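Chemist: My questions will all concern the structure given below.
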Amino acid sequence: MERWINKIAVVTGASAGIGAAIVKDLVNADVQVVGLARRKERLEELKASLPIERQSLLNVIECDVTNLESVNKAFDEIIDKFGGVDILVNNAGVSKVGQLVSLDIPDVEKIMQTNVMGVVYCTQRAFKSMKERNVNGHVIMINSICGHKVIGIPGELQGSNMYSASKYAVTAMTEVYRQEFQGLGTKIKITSISPGFVDTEMIKDVWKKALGERILQSRDISNAVLYTLSTPPHVQIHEMIIKPVGEFF
């Protein structure tokens, strides 16, 4: 991780769960982190939880990744203050309970705007910054096993509705970006990390109870992020699927 010391990492959905774990680990690795989230008060609480000597390594910005204006404002602020972006972790994501045949259309749109268009908005700005400065940066997608397999929940009809479709899009986008990054003459890396169920606010309590110990923790995903970032310049982890031992799916 030495090559990333004092470099600029942007983490979306940074206020809780996987995003918060990634922020903490990057800060502990002496990376300058910008945490983006809608809930700025949660970001401030996260910053306050860090050791005093490391709090200056975390900058927080309120940002709604579903809104292009909000994303552009956040990245303009980042570039004005730090000069550019070296690492982007596309972590922001949402899911909704229900069946695709009857799910409220605003909920369907929210899933796609957050999980797909939010990635597009942020990646365009980060890539532009990396390419203009000739930086061999790294874009990381926090994907899902649902981007590789449509999962039905045993005993329930909800299934993964539009969430799985949005994550399949992220899987395809990862390869599209890989080809484009290479075709445009850069050495910017792209990595998709696809966890199984992770113990976060997104998972319903009834599912957590059913899964028992067969569930990942946020730090497991953060460890994977740091591993991909620590690979040599000629090594690219394109896809990493992480499952807890004994997972049902």
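Ligands are numbered from 1 in the order shown, chains are lettered A, B, ... in the order of the structure tokens, and residues start at 1 in each chain.
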Mind the document's chain letters and residue numbers, and return as a PyMOL selection string the residues of range 31-236 of chain A that DSSP labels strand (DSSP E or B).
Modeler: chain A and resi 32-37+58-62+87-90+138-142+189-195+198+216
Chemist: What lies within 10 Å of Tyr177 in chain A using only C-alpha atoms, ignoring chain neighbours under 6 positions off, as a list in words?
Modeler: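 Those residues are Thr123, Phe127, Val139, Gly183, Ile188, Lys189, Ile190 and Thr191 of chain A.
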Chemist: Select from range 32-118 of chain A every residue with an atom at most 12 Å from any atom of range 156-176 of chain A, then for each give the shortest pair of atoms and their distance in Å to one decimal, using only C-alpha atoms, rows by chain and rising number, as CSV.
Modeler:
```
residue,atom,partner,partner_atom,distance
A:Asn90,CA,A:Val170,CA,10.2
A:Asn91,CA,A:Val170,CA,11.4
A:Ala92,CA,A:Lys167,CA,12.0
A:Gly93,CA,A:Tyr163,CA,9.1
A:Val94,CA,A:Tyr163,CA,7.7
A:Ser95,CA,A:Tyr163,CA,5.7
A:Lys96,CA,A:Tyr163,CA,7.6
A:Val97,CA,A:Gln158,CA,6.3
A:Gly98,CA,A:Gln158,CA,4.7
A:Gln99,CA,A:Gln158,CA,4.9
A:Leu100,CA,A:Asn161,CA,4.7
A:Val101,CA,A:Asn161,CA,8.4
A:Ser102,CA,A:Asn161,CA,9.7
A:Leu103,CA,A:Asn161,CA,8.1
A:Asp104,CA,A:Met162,CA,11.0
A:Ile105,CA,A:Met162,CA,10.5
A:Pro106,CA,A:Met162,CA,11.7
A:Asp107,CA,A:Met162,CA,9.0
A:Val108,CA,A:Met162,CA,6.3
A:Glu109,CA,A:Met162,CA,9.1
A:Lys110,CA,A:Met162,CA,9.8
A:Ile111,CA,A:Tyr163,CA,6.5
A:Met112,CA,A:Ser166,CA,6.0
A:Gln113,CA,A:Ser166,CA,9.2
A:Thr114,CA,A:Ser166,CA,9.1
A:Asn115,CA,A:Ser166,CA,6.1
A:Val116,CA,A:Ser166,CA,6.1
A:Met117,CA,A:Ser166,CA,9.6
A:Gly118,CA,A:Val170,CA,10.8
```
Chemist: Take the residues from that selection and put them in a file with N, CA and C atoms, as a CSV table (one decimal), in the first residue's frame.
Modeler:
```
chain,number,residue,atom,x,y,z
A,90,ASN,N,-16.6,2.7,-5.8
A,90,ASN,CA,-18.0,2.8,-6.0
A,90,ASN,C,-18.7,1.8,-5.1
A,91,ASN,N,-19.1,2.3,-3.9
A,91,ASN,CA,-19.7,1.5,-2.9
A,91,ASN,C,-21.2,1.7,-2.7
A,92,ALA,N,-21.7,2.9,-3.0
A,92,ALA,CA,-23.1,3.3,-2.7
A,92,ALA,C,-24.0,2.3,-3.4
A,93,GLY,N,-25.0,1.9,-2.7
A,93,GLY,CA,-26.0,0.9,-3.3
A,93,GLY,C,-27.2,0.8,-2.4
A,94,VAL,N,-28.3,0.5,-3.1
A,94,VAL,CA,-29.6,0.3,-2.4
A,94,VAL,C,-30.3,-1.0,-2.9
A,95,SER,N,-31.1,-1.5,-2.0
A,95,SER,CA,-32.0,-2.6,-2.4
A,95,SER,C,-33.4,-2.3,-1.8
A,96,LYS,N,-34.4,-2.9,-2.4
A,96,LYS,CA,-35.8,-2.7,-2.0
A,96,LYS,C,-36.5,-4.0,-1.9
A,97,VAL,N,-37.3,-4.1,-0.8
A,97,VAL,CA,-38.1,-5.4,-0.6
A,97,VAL,C,-39.3,-5.4,-1.6
A,98,GLY,N,-39.5,-6.5,-2.2
A,98,GLY,CA,-40.7,-6.6,-3.1
A,98,GLY,C,-40.4,-7.4,-4.3
A,99,GLN,N,-41.4,-7.6,-5.1
A,99,GLN,CA,-41.3,-8.4,-6.4
A,99,GLN,C,-41.3,-7.4,-7.5
A,100,LEU,N,-40.5,-7.7,-8.5
A,100,LEU,CA,-40.3,-6.9,-9.7
A,100,LEU,C,-41.6,-6.6,-10.4
A,101,VAL,N,-42.5,-7.6,-10.4
A,101,VAL,CA,-43.8,-7.5,-11.1
A,101,VAL,C,-44.7,-6.5,-10.5
A,102,SER,N,-44.4,-6.1,-9.2
A,102,SER,CA,-45.3,-5.2,-8.5
A,102,SER,C,-44.6,-4.1,-7.7
A,103,LEU,N,-43.3,-4.1,-7.8
A,103,LEU,CA,-42.5,-3.1,-7.1
A,103,LEU,C,-42.8,-1.7,-7.5
A,104,ASP,N,-43.0,-0.8,-6.6
A,104,ASP,CA,-43.3,0.6,-7.0
A,104,ASP,C,-42.2,1.2,-7.9
A,105,ILE,N,-42.7,1.8,-9.0
A,105,ILE,CA,-41.7,2.3,-10.0
A,105,ILE,C,-40.7,3.2,-9.5
A,106,PRO,N,-41.0,4.1,-8.5
A,106,PRO,CA,-40.0,5.0,-8.0
A,106,PRO,C,-38.9,4.2,-7.3
A,107,ASP,N,-39.3,3.0,-6.7
A,107,ASP,CA,-38.3,2.2,-6.0
A,107,ASP,C,-37.4,1.5,-7.1
A,108,VAL,N,-38.0,1.1,-8.2
A,108,VAL,CA,-37.2,0.5,-9.3
A,108,VAL,C,-36.2,1.5,-9.8
A,109,GLU,N,-36.7,2.7,-10.0
A,109,GLU,CA,-35.8,3.8,-10.5
A,109,GLU,C,-34.7,4.2,-9.5
A,110,LYS,N,-35.0,4.1,-8.2
A,110,LYS,CA,-34.0,4.4,-7.2
A,110,LYS,C,-32.9,3.4,-7.2
A,111,ILE,N,-33.2,2.2,-7.4
A,111,ILE,CA,-32.2,1.1,-7.5
A,111,ILE,C,-31.3,1.4,-8.7
A,112,MET,N,-31.9,1.6,-9.8
A,112,MET,CA,-31.1,1.8,-11.0
A,112,MET,C,-30.2,3.1,-11.0
A,113,GLN,N,-30.8,4.2,-10.4
A,113,GLN,CA,-30.1,5.4,-10.3
A,113,GLN,C,-28.9,5.3,-9.4
A,114,THR,N,-29.1,4.6,-8.3
A,114,THR,CA,-28.0,4.5,-7.3
A,114,THR,C,-27.0,3.5,-7.7
A,115,ASN,N,-27.4,2.3,-8.1
A,115,ASN,CA,-26.5,1.2,-8.3
A,115,ASN,C,-25.8,1.2,-9.7
A,116,VAL,N,-26.5,1.9,-10.7
A,116,VAL,CA,-25.9,1.9,-12.0
A,116,VAL,C,-25.5,3.3,-12.4
A,117,MET,N,-26.4,4.3,-12.4
A,117,MET,CA,-26.1,5.6,-12.9
A,117,MET,C,-25.1,6.3,-11.9
A,118,GLY,N,-25.3,6.0,-10.6
A,118,GLY,CA,-24.3,6.6,-9.7
A,118,GLY,C,-22.9,6.2,-10.0
```
Chemist: Based on DSSP run over this structure's backbone, return all residues of range 58-232 of chain A in alpha helix (DSSP H), as an MDAnalysis selection string.
Modeler: chainID A and resid 68:82 105:112 118:132 161:183 205:211 218:229
Chemist: Near Pro195 in chain A, within 9 Å and counting only C-alpha atoms, which residues show up once chain neighbours fewer than 3 positions away are dropped, as a list in words?
Modeler: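 The residues satisfying every condition are Ile142, Asn143, Ser144, Ile145, Cys146, Val198, Leu216, Ile221, Met240, Ile241, Ile242, Lys243 and Pro244 of chain A.
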Chemist: What gap, in Å, lies between CA of Ser15 in chain A and CA of Gly84 in chain A?
Modeler: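 Between CA of Ser15 in chain A and CA of Gly84 in chain A the gap is 21.8 Å.
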